[in-house]
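Chemist: So that you have it, the file is start.cif, and it contains mmCIF, C-alpha atoms:
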data_start
loop_
_atom_site.group_PDB
_atom_site.id
_atom_site.type_symbol
_atom_site.label_atom_id
_atom_site.label_comp_id
_atom_site.auth_asym_id
_atom_site.auth_seq_id
_atom_site.Cartn_x
_atom_site.Cartn_y
_atom_site.Cartn_z
ATOM 1 C CA MET R 1 123.628 131.891 159.846
ATOM 2 C CA VAL R 2 123.940 135.670 159.601
ATOM 3 C CA ALA R 3 123.775 137.426 162.964
ATOM 4 C CA SER R 4 122.207 140.866 163.335
ATOM 5 C CA VAL R 5 122.759 143.512 166.000
ATOM 6 C CA HIS R 6 119.820 145.462 167.463
ATOM 7 C CA HIS R 7 119.940 148.623 169.597
ATOM 8 C CA GLN R 8 117.256 150.959 170.933
ATOM 9 C CA VAL R 9 117.960 154.445 172.270
ATOM 10 C CA ARG R 10 115.647 156.843 174.112
ATOM 11 C CA GLY R 11 116.427 160.154 175.775
ATOM 12 C CA LEU R 12 116.976 163.892 175.385
ATOM 13 C CA SER R 13 120.044 163.469 173.198
ATOM 14 C CA ILE R 14 121.656 161.031 170.794
ATOM 15 C CA SER R 15 123.870 158.656 172.768
ATOM 16 C CA GLY R 16 127.390 157.610 171.938
ATOM 17 C CA LEU R 17 126.098 154.074 171.343
ATOM 18 C CA TRP R 18 123.748 155.325 168.624
ATOM 19 C CA GLN R 19 126.531 157.224 166.871
ATOM 20 C CA ALA R 20 128.848 154.211 167.170
ATOM 21 C CA LYS R 21 126.368 151.967 165.348
ATOM 22 C CA LEU R 22 125.849 154.492 162.564
ATOM 23 C CA ARG R 23 129.619 155.036 162.325
ATOM 24 C CA GLU R 24 129.879 151.448 161.025
ATOM 25 C CA LEU R 25 127.703 152.530 158.112
ATOM 26 C CA ILE R 26 128.856 156.045 157.177
ATOM 27 C CA GLY R 27 132.033 156.663 159.203
ATOM 28 C CA SER R 28 132.671 159.383 161.790
ATOM 29 C CA HIS R 29 130.065 162.154 161.823
ATOM 30 C CA ASP R 30 128.210 164.625 164.032
ATOM 31 C CA ALA R 31 124.599 163.813 164.880
ATOM 32 C CA SER R 32 122.045 165.929 166.735
ATOM 33 C CA VAL R 33 118.316 166.249 167.396
ATOM 34 C CA GLY R 34 118.148 169.944 168.258
ATOM 35 C CA ASP R 35 117.962 171.633 171.629
ATOM 36 C CA ASP R 36 115.999 169.824 174.339
ATOM 37 C CA CYS R 37 114.379 167.436 171.882
ATOM 38 C CA TYR R 38 113.379 163.967 172.944
ATOM 39 C CA PHE R 39 115.040 161.302 170.814
ATOM 40 C CA GLU R 40 113.951 157.762 170.150
ATOM 41 C CA GLY R 41 115.715 155.432 167.751
ATOM 42 C CA ASP R 42 115.921 151.793 166.718
ATOM 43 C CA VAL R 43 118.810 150.427 164.648
ATOM 44 C CA ARG R 44 119.329 146.903 163.315
ATOM 45 C CA SER R 45 122.419 145.955 161.304
ATOM 46 C CA PHE R 46 124.089 142.906 159.808
ATOM 47 C CA GLY R 47 126.868 142.024 157.387
ATOM 48 C CA LEU R 48 126.268 140.376 154.027
ATOM 49 C CA GLY R 49 129.558 139.421 152.432
ATOM 50 C CA SER R 50 131.359 142.689 151.714
ATOM 51 C CA LEU R 51 128.175 144.702 152.329
ATOM 52 C CA HIS R 52 126.778 146.152 155.544
ATOM 53 C CA LEU R 53 122.982 146.566 155.820
ATOM 54 C CA THR R 54 121.356 148.830 158.387
ATOM 55 C CA ASN R 55 117.696 149.502 159.193
ATOM 56 C CA VAL R 56 117.146 152.724 161.126
ATOM 57 C CA GLN R 57 113.915 154.129 162.536
ATOM 58 C CA SER R 58 114.134 157.323 164.540
ATOM 59 C CA LEU R 59 112.525 160.630 165.414
ATOM 60 C CA ARG R 60 113.988 163.952 164.300
ATOM 61 C CA GLU R 61 117.697 163.711 163.479
ATOM 62 C CA ALA R 62 120.433 165.568 161.619
ATOM 63 C CA SER R 63 123.848 164.133 160.676
ATOM 64 C CA ARG R 64 126.857 165.863 159.204
ATOM 65 C CA ARG R 65 130.128 164.371 157.918
ATOM 66 C CA THR R 66 132.680 167.156 157.597
ATOM 67 C CA PRO R 67 136.000 167.383 155.714
ATOM 68 C CA GLN R 68 137.728 166.803 159.059
ATOM 69 C CA HIS R 69 135.740 163.594 159.603
ATOM 70 C CA VAL R 70 136.712 162.412 156.126
ATOM 71 C CA ARG R 71 140.409 163.080 156.790
ATOM 72 C CA GLN R 72 140.418 161.432 160.212
ATOM 73 C CA ASP R 73 138.256 158.462 159.275
ATOM 74 C CA PRO R 74 138.507 157.710 155.520
ATOM 75 C CA GLN R 75 135.608 155.639 154.214
ATOM 76 C CA ASP R 76 135.632 154.648 150.543
ATOM 77 C CA LYS R 77 132.059 153.417 150.264
ATOM 78 C CA TYR R 78 128.812 154.178 148.510
ATOM 79 C CA ILE R 79 125.592 154.171 150.507
ATOM 80 C CA LEU R 80 122.381 152.976 148.895
ATOM 81 C CA VAL R 81 119.466 154.597 150.744
ATOM 82 C CA ASN R 82 115.892 153.287 150.661
ATOM 83 C CA VAL R 83 113.428 155.515 152.541
ATOM 84 C CA ARG R 84 110.532 153.467 153.925
ATOM 85 C CA SER R 85 108.633 156.304 155.629
ATOM 86 C CA GLY R 86 109.075 160.018 156.300
ATOM 87 C CA ILE R 87 110.955 162.658 154.322
ATOM 88 C CA VAL R 88 114.768 162.656 154.230
ATOM 89 C CA ARG R 89 116.951 165.461 152.852
ATOM 90 C CA LEU R 90 120.467 164.796 151.569
ATOM 91 C CA ARG R 91 123.130 167.301 150.515
ATOM 92 C CA GLN R 92 126.557 166.467 149.044
ATOM 93 C CA GLN R 93 128.864 168.803 147.176
ATOM 94 C CA ARG R 94 126.563 170.917 144.968
ATOM 95 C CA SER R 95 123.725 168.403 144.841
ATOM 96 C CA GLU R 96 120.674 168.197 147.065
ATOM 97 C CA CYS R 97 117.649 165.926 147.056
ATOM 98 C CA GLU R 98 114.510 165.311 149.074
ATOM 99 C CA MET R 99 113.496 161.673 149.387
ATOM 100 C CA THR R 100 109.978 160.520 150.158
ATOM 101 C CA ALA R 101 108.664 157.083 151.125
ATOM 102 C CA GLY R 102 109.637 154.377 148.661
ATOM 103 C CA SER R 103 112.496 156.254 146.992
ATOM 104 C CA LEU R 104 116.125 155.121 146.643
ATOM 105 C CA THR R 105 119.379 156.931 145.895
ATOM 106 C CA LEU R 106 123.166 156.746 146.312
ATOM 107 C CA TYR R 107 125.751 158.949 148.008
ATOM 108 C CA ARG R 108 129.440 158.695 148.949
ATOM 109 C CA THR R 109 131.158 158.520 152.339
ATOM 110 C CA ASP R 110 134.533 159.877 151.189
ATOM 111 C CA VAL R 111 132.977 163.275 150.448
ATOM 112 C CA PRO R 112 131.351 165.509 153.123
ATOM 113 C CA PHE R 113 127.563 165.355 153.294
ATOM 114 C CA GLU R 114 124.561 166.450 155.355
ATOM 115 C CA TRP R 115 121.484 164.385 156.132
ATOM 116 C CA GLU R 116 118.338 165.282 158.060
ATOM 117 C CA HIS R 117 114.730 164.419 158.679
ATOM 118 C CA ARG R 118 112.595 166.683 160.864
ATOM 119 C CA ASP R 119 109.978 164.080 161.709
ATOM 120 C CA SER R 120 109.956 160.332 162.253
ATOM 121 C CA ALA R 121 111.570 158.355 159.417
ATOM 122 C CA SER R 122 112.416 154.754 158.624
ATOM 123 C CA VAL R 123 115.371 154.078 156.338
ATOM 124 C CA ARG R 124 117.182 151.033 154.978
ATOM 125 C CA SER R 125 120.808 151.601 153.976
ATOM 126 C CA VAL R 126 123.479 149.448 152.360
ATOM 127 C CA ALA R 127 127.189 150.285 152.571
ATOM 128 C CA ILE R 128 128.909 149.065 149.392
ATOM 129 C CA PRO R 129 132.717 149.068 148.956
ATOM 130 C CA ALA R 130 133.523 151.644 146.292
ATOM 131 C CA ALA R 131 135.752 149.251 144.339
ATOM 132 C CA ALA R 132 132.921 146.720 143.983
ATOM 133 C CA LEU R 133 130.455 149.273 142.625
ATOM 134 C CA ARG R 134 132.957 151.015 140.359
ATOM 135 C CA ALA R 135 133.848 147.644 138.862
ATOM 136 C CA ARG R 136 130.178 147.193 137.933
ATOM 137 C CA LEU R 137 129.357 150.742 136.787
ATOM 138 C CA ARG R 138 131.431 153.336 135.012
ATOM 139 C CA ASN R 139 130.899 157.017 135.855
ATOM 140 C CA ILE R 140 129.000 155.961 138.975
ATOM 141 C CA ASP R 141 129.301 159.449 140.488
ATOM 142 C CA SER R 142 126.988 160.854 137.803
ATOM 143 C CA TYR R 143 124.155 158.838 139.403
ATOM 144 C CA LEU R 144 124.575 160.182 142.948
ATOM 145 C CA LEU R 145 121.676 161.936 144.695
ATOM 146 C CA ARG R 146 119.280 161.120 141.858
ATOM 147 C CA PRO R 147 116.239 159.678 143.677
ATOM 148 C CA GLN R 148 114.455 156.789 141.989
ATOM 149 C CA SER R 149 110.972 155.507 142.739
ATOM 150 C CA GLY R 150 110.905 152.073 144.315
ATOM 151 C CA GLN R 151 107.233 151.586 143.504
ATOM 152 C CA ASN R 152 107.641 149.642 140.268
ATOM 153 C CA GLY R 153 110.101 148.102 137.815
ATOM 154 C CA VAL R 154 113.626 146.980 138.686
ATOM 155 C CA TRP R 155 113.907 149.561 141.473
ATOM 156 C CA ARG R 156 110.880 147.904 143.127
ATOM 157 C CA ILE R 157 112.601 144.523 142.824
ATOM 158 C CA LEU R 158 115.718 146.015 144.438
ATOM 159 C CA SER R 159 113.650 147.535 147.254
ATOM 160 C CA ASP R 160 111.877 144.213 147.834
ATOM 161 C CA MET R 161 115.219 142.402 147.914
ATOM 162 C CA LEU R 162 116.484 144.759 150.619
ATOM 163 C CA GLY R 163 113.338 144.094 152.636
ATOM 164 C CA SER R 164 113.593 140.326 152.213
ATOM 165 C CA LEU R 165 117.260 140.285 153.210
ATOM 166 C CA SER R 166 116.458 142.306 156.335
ATOM 167 C CA GLN R 167 113.584 140.039 157.335
ATOM 168 C CA GLN R 168 115.339 136.756 156.567
ATOM 169 C CA CYS R 169 118.917 137.552 157.643
ATOM 170 C CA HIS R 170 118.807 135.013 160.490
ATOM 171 C CA SER R 171 117.974 132.285 157.951
ATOM 172 C CA ILE R 172 120.783 133.117 155.504
ATOM 173 C CA PRO R 173 123.753 130.694 155.707
ATOM 174 C CA LEU R 174 127.170 132.338 155.776
ATOM 175 C CA THR R 175 128.182 130.408 152.665
ATOM 176 C CA ALA R 176 125.509 132.299 150.670
ATOM 177 C CA THR R 177 126.323 135.836 151.811
ATOM 178 C CA HIS R 178 128.933 136.690 149.183
ATOM 179 C CA THR R 179 126.743 135.392 146.365
ATOM 180 C CA LEU R 180 123.769 137.409 147.615
ATOM 181 C CA ALA R 181 125.949 140.516 147.971
ATOM 182 C CA ALA R 182 127.135 140.134 144.375
ATOM 183 C CA GLN R 183 123.538 139.700 143.197
ATOM 184 C CA LEU R 184 122.447 142.829 145.035
ATOM 185 C CA ILE R 185 125.240 144.872 143.415
ATOM 186 C CA GLU R 186 124.346 143.424 140.007
ATOM 187 C CA LEU R 187 120.656 144.269 140.503
ATOM 188 C CA LEU R 188 121.577 147.825 141.495
ATOM 189 C CA GLY R 189 123.701 148.094 138.359
ATOM 190 C CA VAL R 190 120.827 146.891 136.177
ATOM 191 C CA ALA R 191 118.397 149.322 137.846
ATOM 192 C CA ILE R 192 120.736 152.265 137.238
ATOM 193 C CA GLU R 193 121.441 151.284 133.631
ATOM 194 C CA ILE R 194 117.762 150.893 132.809
ATOM 195 C CA GLY R 195 116.838 154.087 134.634
ATOM 196 C CA ASP R 196 119.486 155.940 132.657
ATOM 197 C CA GLU R 197 117.595 155.181 129.472
ATOM 198 C CA ASP R 198 114.544 157.219 130.501
ATOM 199 C CA GLY R 199 113.827 159.810 127.877
ATOM 200 C CA VAL R 200 116.069 158.223 125.218
ATOM 201 C CA SER R 201 114.287 158.097 121.893
ATOM 202 C CA LEU R 202 113.850 154.801 120.125
ATOM 203 C CA GLY R 203 116.290 154.027 117.378
ATOM 204 C CA THR R 204 120.017 153.542 117.005
ATOM 205 C CA GLU R 205 121.053 154.674 120.491
ATOM 206 C CA THR R 206 118.597 152.368 122.255
ATOM 207 C CA THR R 207 119.677 149.460 120.065
ATOM 208 C CA ARG R 208 123.332 150.137 120.843
ATOM 209 C CA LYS R 209 122.668 150.186 124.570
ATOM 210 C CA ALA R 210 120.737 146.914 124.364
ATOM 211 C CA SER R 211 123.576 145.340 122.351
ATOM 212 C CA TYR R 212 126.134 146.555 124.875
ATOM 213 C CA ARG R 213 124.172 145.107 127.823
ATOM 214 C CA ASN R 214 123.812 141.817 125.946
ATOM 215 C CA CYS R 215 127.588 141.640 125.438
ATOM 216 C CA VAL R 216 128.231 142.499 129.085
ATOM 217 C CA ASN R 217 125.888 139.736 130.279
ATOM 218 C CA LEU R 218 127.423 137.300 127.800
ATOM 219 C CA ILE R 219 130.934 138.027 129.097
ATOM 220 C CA ARG R 220 129.990 137.780 132.767
ATOM 221 C CA SER R 221 128.176 134.476 132.176
ATOM 222 C CA ASN R 222 131.119 132.859 130.396
ATOM 223 C CA LEU R 223 134.229 134.105 132.200
ATOM 224 C CA ALA R 224 135.636 130.577 132.556
ATOM 225 C CA ASP R 225 135.748 130.179 128.786
ATOM 226 C CA ASP R 226 138.653 131.220 126.611
ATOM 227 C CA LEU R 227 136.889 134.385 125.466
ATOM 228 C CA THR R 228 138.251 136.557 122.684
ATOM 229 C CA PRO R 229 136.681 139.557 120.925
ATOM 230 C CA GLU R 230 136.057 137.304 117.943
ATOM 231 C CA LYS R 231 134.152 134.731 120.017
ATOM 232 C CA ILE R 232 132.172 137.394 121.871
ATOM 233 C CA ALA R 233 131.210 139.138 118.632
ATOM 234 C CA ARG R 234 130.210 135.874 116.936
ATOM 235 C CA THR R 235 128.017 134.787 119.882
ATOM 236 C CA ALA R 236 126.393 138.228 120.095
ATOM 237 C CA GLY R 237 125.744 138.334 116.368
ATOM 238 C CA LEU R 238 128.013 141.337 115.791
ATOM 239 C CA SER R 239 131.072 142.106 113.740
ATOM 240 C CA VAL R 240 134.318 142.435 115.672
ATOM 241 C CA ARG R 241 134.519 146.060 114.605
ATOM 242 C CA SER R 242 131.006 146.762 115.952
ATOM 243 C CA LEU R 243 131.871 145.037 119.248
ATOM 244 C CA HIS R 244 134.958 147.213 119.737
ATOM 245 C CA ARG R 245 132.960 150.333 118.876
ATOM 246 C CA LEU R 246 130.242 149.481 121.445
ATOM 247 C CA PHE R 247 132.772 149.302 124.264
ATOM 248 C CA GLN R 248 134.808 152.281 123.068
ATOM 249 C CA ASP R 249 131.651 154.394 123.186
ATOM 250 C CA VAL R 250 131.388 153.815 126.938
ATOM 251 C CA GLY R 251 135.090 154.523 127.473
ATOM 252 C CA GLU R 252 136.471 151.033 128.126
ATOM 253 C CA PRO R 253 137.930 148.651 125.520
ATOM 254 C CA VAL R 254 136.332 145.216 125.442
ATOM 255 C CA GLY R 255 139.624 143.588 126.474
ATOM 256 C CA THR R 256 139.882 145.817 129.537
ATOM 257 C CA PHE R 257 136.277 145.090 130.493
ATOM 258 C CA LEU R 258 136.879 141.334 130.182
ATOM 259 C CA ARG R 259 140.019 141.478 132.322
ATOM 260 C CA ASN R 260 138.321 143.598 135.012
ATOM 261 C CA ALA R 261 135.267 141.323 135.071
ATOM 262 C CA ARG R 262 137.539 138.333 135.674
ATOM 263 C CA LEU R 263 139.435 140.152 138.416
ATOM 264 C CA GLU R 264 136.165 141.192 140.057
ATOM 265 C CA LYS R 265 135.005 137.566 140.125
ATOM 266 C CA CYS R 266 138.299 136.413 141.648
ATOM 267 C CA HIS R 267 138.217 139.205 144.233
ATOM 268 C CA ARG R 268 134.685 138.164 145.237
ATOM 269 C CA ASP R 269 135.276 134.401 145.185
ATOM 270 C CA LEU R 270 138.516 134.566 147.187
ATOM 271 C CA ALA R 271 136.586 136.211 150.047
ATOM 272 C CA ASP R 272 133.624 133.827 149.825
ATOM 273 C CA PRO R 273 133.664 131.332 152.763
ATOM 274 C CA GLY R 274 131.789 128.886 150.559
ATOM 275 C CA LYS R 275 134.812 128.737 148.243
ATOM 276 C CA PHE R 276 137.664 128.634 150.751
ATOM 277 C CA HIS R 277 138.215 124.970 149.816
ATOM 278 C CA PHE R 278 139.264 126.038 146.305
ATOM 279 C CA SER R 279 142.898 127.000 145.839
ATOM 280 C CA ILE R 280 143.785 130.455 144.536
ATOM 281 C CA GLY R 281 144.896 128.853 141.302
ATOM 282 C CA GLU R 282 141.571 127.054 140.863
ATOM 283 C CA ILE R 283 139.597 130.254 141.431
ATOM 284 C CA ALA R 284 141.759 132.126 138.935
ATOM 285 C CA TYR R 285 141.307 129.348 136.361
ATOM 286 C CA GLN R 286 137.519 129.320 136.857
ATOM 287 C CA ALA R 287 137.513 133.048 136.085
ATOM 288 C CA GLY R 288 139.390 132.484 132.822
ATOM 289 C CA PHE R 289 142.997 133.185 133.833
ATOM 290 C CA ARG R 290 145.306 130.608 132.261
ATOM 291 C CA SER R 291 148.601 132.080 133.540
ATOM 292 C CA GLN R 292 148.989 132.159 137.318
ATOM 293 C CA ALA R 293 151.895 134.611 137.142
ATOM 294 C CA HIS R 294 149.878 136.996 134.973
ATOM 295 C CA PHE R 295 146.902 136.728 137.342
ATOM 296 C CA ALA R 296 149.069 137.384 140.416
ATOM 297 C CA ASN R 297 150.595 140.507 138.853
ATOM 298 C CA ILE R 298 147.406 142.159 137.626
ATOM 299 C CA PHE R 299 145.465 141.283 140.817
ATOM 300 C CA LYS R 300 148.032 143.072 142.975
ATOM 301 C CA THR R 301 148.207 145.994 140.543
ATOM 302 C CA ARG R 302 144.436 146.486 140.638
ATOM 303 C CA TYR R 303 143.769 145.925 144.356
ATOM 304 C CA GLY R 304 147.101 146.862 145.933
ATOM 305 C CA ILE R 305 147.292 143.527 147.757
ATOM 306 C CA SER R 306 148.208 140.016 146.651
ATOM 307 C CA ALA R 307 145.527 137.378 146.119
ATOM 308 C CA GLY R 308 146.915 135.368 149.039
ATOM 309 C CA GLU R 309 146.872 138.369 151.378
ATOM 310 C CA TRP R 310 143.301 139.214 150.329
ATOM 311 C CA ARG R 311 142.125 135.658 151.047
ATOM 312 C CA ARG R 312 143.875 135.548 154.433
ATOM 313 C CA SER R 313 142.276 138.850 155.461
ATOM 314 C CA ALA R 314 138.859 137.470 154.433
ATOM 315 C CA GLN R 315 139.435 134.277 156.449
ATOM 316 C CA LEU R 316 140.306 136.355 159.519
ATOM 317 C CA ARG R 317 137.103 138.378 159.113
#
Would it be possible to restate this file's structure as structure tokens?

Modeler:
Amino acid sequence: MVASVHHQVRGLSISGLWQAKLRELIGSHDASVGDDCYFEGDVRSFGLGSLHLTNVQSLREASRRTPQHVRQDPQDKYILVNVRSGIVRLRQQRSECEMTAGSLTLYRTDVPFEWEHRDSASVRSVAIPAAALRARLRNIDSYLLRPQSGQNGVWRILSDMLGSLSQQCHSIPLTATHTLAAQLIELLGVAIEIGDEDGVSLGTETTRKASYRNCVNLIRSNLADDLTPEKIARTAGLSVRSLHRLFQDVGEPVGTFLRNARLEKCHRDLADPGKFHFSIGEIAYQAGFRSQAHFANIFKTRYGISAGEWRRSAQLR
């Protein structure tokens, strides 16, 4: 079962223990509560596959991750923030947002940022490896610091999932963690894609987006098959030319998307303890790779590490 870590801190300053726990989430940073201010905080954290979830409740606090912190302690992650109570202010590069209870947004750890709340606040956060999120969403940085309401729709489902995972972490078997992590990333991707359609008029553009999402879901659901553009187009009820145009419009050829989706599945499954009994070759085949040499080459090119090295590192973790 998944094990969580719980710490409580009380005093006139933020302790090193408090900063150490938050460093797991956002990397090295400076944190303060102001001069002679009493501080009280509660932090609970646990790992879920490649993700790291943290629930923080504290009084007044300000955090700052500077360019020096980024250089000394590189962190290539995205942080999904879900404010449960209080008002939280975030600043990164030229963007700034104020988040109220129920809202969610994303920011990066490899770019300096500032974070503060002047009164008590409760926040859920998820650290997501940048490679995993970029594989799911193109142009992800255009969605940063754009608060979304978690009161209804898919964002509400995402918020509820975060709450359920936090409450039930001790009942989650380790063999399910990687699957749940992948589902959380997928749900975040769906929420962002749907939210990005706000304000789009009905007509051709909306139809094209719906067709694109249908093709994406079709590909991801049938990676083990011998997919070709012709088969994808036929199943989706499109011409091959229309299929290519849909993917070109978002800046990624359909063949590239298919290859990356297969690599993403292999990358995830190789690190899944529930699939350690499968050989690397079997996992590659289940993702649609028919040539082991081709798979080995493009896996190392994309991730900078061989499939065998990636699996061994996951087994050690």

Chemist: Do you know which residues the PyMOL selection byres ((chain R and resi 242) around 12) returns on this file, as a PyMOL selection string?

Modeler: chain R and resi 208+211-212+215+229-230+232-234+236-241+243-249+253-254

Chemist: Considering all atoms listed in the file, return as a ChimeraX atom specification whatever protein or nucleic-acid residues lie within 7 Å of Leu59 in chain R, sequence-local ones (same chain, fewer than 4 positions apart) excluded.

Modeler: /R:39-41,119-121

Chemist: R:Asn55, R:Gln92, R:Thr301, R:Ser279: which is nearest Asn260 in chain R, counting only C-alpha atoms?

Modeler: R:Thr301

Chemist: Could you check the closest approach to Leu174 in chain R for each of R:Ala287, R:Ala271, R:Ile128, R:Ile298 and tell me which residue wins, using all atoms listed in the file?

Modeler: R:Ala271

Chemist: As a PyMOL selection string, please: the residues near range 22-30 of chain R (cut-off 8 Å, only C-alpha atoms, same-chain neighbours under 3 positions excluded).

Modeler: chain R and resi 18-19+52-54+63-66+69-70+73-75+79+109+126-127

Chemist: Please provide as a list in words all residues within 12 Å of Ala293 in chain R, with the sequence filter that same-chain residues fewer than 6 positions apart are discarded (counting all atoms listed in the file).

Modeler: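 Within the cut-off, the hits are Ile280, Gly281, Ala284, Tyr285, Phe299, Lys300, Ser306 and Ala307 of chain R.
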
Chemist: Spell out the residues picked by the PyMOL selection byres ((chain R and resi 179-186) around 10) here, as a JSON list (two decimals) with C-alpha atoms, in the frame of the given file.

Modeler:
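To be explicit, this is the file written out as out33.json:
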[["chain", "number", "residue", "atom", "x", "y", "z"],
["R", 47, "GLY", "CA", 126.87, 142.02, 157.39],
["R", 48, "LEU", "CA", 126.27, 140.38, 154.03],
["R", 49, "GLY", "CA", 129.56, 139.42, 152.43],
["R", 50, "SER", "CA", 131.36, 142.69, 151.71],
["R", 51, "LEU", "CA", 128.18, 144.70, 152.33],
["R", 52, "HIS", "CA", 126.78, 146.15, 155.54],
["R", 126, "VAL", "CA", 123.48, 149.45, 152.36],
["R", 128, "ILE", "CA", 128.91, 149.06, 149.39],
["R", 132, "ALA", "CA", 132.92, 146.72, 143.98],
["R", 133, "LEU", "CA", 130.46, 149.27, 142.62],
["R", 136, "ARG", "CA", 130.18, 147.19, 137.93],
["R", 137, "LEU", "CA", 129.36, 150.74, 136.79],
["R", 158, "LEU", "CA", 115.72, 146.01, 144.44],
["R", 161, "MET", "CA", 115.22, 142.40, 147.91],
["R", 162, "LEU", "CA", 116.48, 144.76, 150.62],
["R", 165, "LEU", "CA", 117.26, 140.28, 153.21],
["R", 172, "ILE", "CA", 120.78, 133.12, 155.50],
["R", 174, "LEU", "CA", 127.17, 132.34, 155.78],
["R", 175, "THR", "CA", 128.18, 130.41, 152.66],
["R", 176, "ALA", "CA", 125.51, 132.30, 150.67],
["R", 177, "THR", "CA", 126.32, 135.84, 151.81],
["R", 178, "HIS", "CA", 128.93, 136.69, 149.18],
["R", 187, "LEU", "CA", 120.66, 144.27, 140.50],
["R", 188, "LEU", "CA", 121.58, 147.82, 141.50],
["R", 189, "GLY", "CA", 123.70, 148.09, 138.36],
["R", 190, "VAL", "CA", 120.83, 146.89, 136.18],
["R", 191, "ALA", "CA", 118.40, 149.32, 137.85],
["R", 192, "ILE", "CA", 120.74, 152.26, 137.24],
["R", 265, "LYS", "CA", 135.00, 137.57, 140.12],
["R", 268, "ARG", "CA", 134.68, 138.16, 145.24],
["R", 269, "ASP", "CA", 135.28, 134.40, 145.18],
["R", 272, "ASP", "CA", 133.62, 133.83, 149.82],
["R", 274, "GLY", "CA", 131.79, 128.89, 150.56]]

Chemist: Taking 6 positions as the minimum chain separation for residues in the same chain, which residues sit within 6 Å of Ala130 in chain R when counting only C-alpha atoms? Answer as a ChimeraX atom specification.

Modeler: /R:76-78

Chemist: Enter the distance from CA of Thr100 in chain R to CA of Ser149 in chain R, in Å, rounded to one decimal.

Modeler: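 Calculated distance between CA of Thr100 in chain R and CA of Ser149 in chain R is 9.0 Å.
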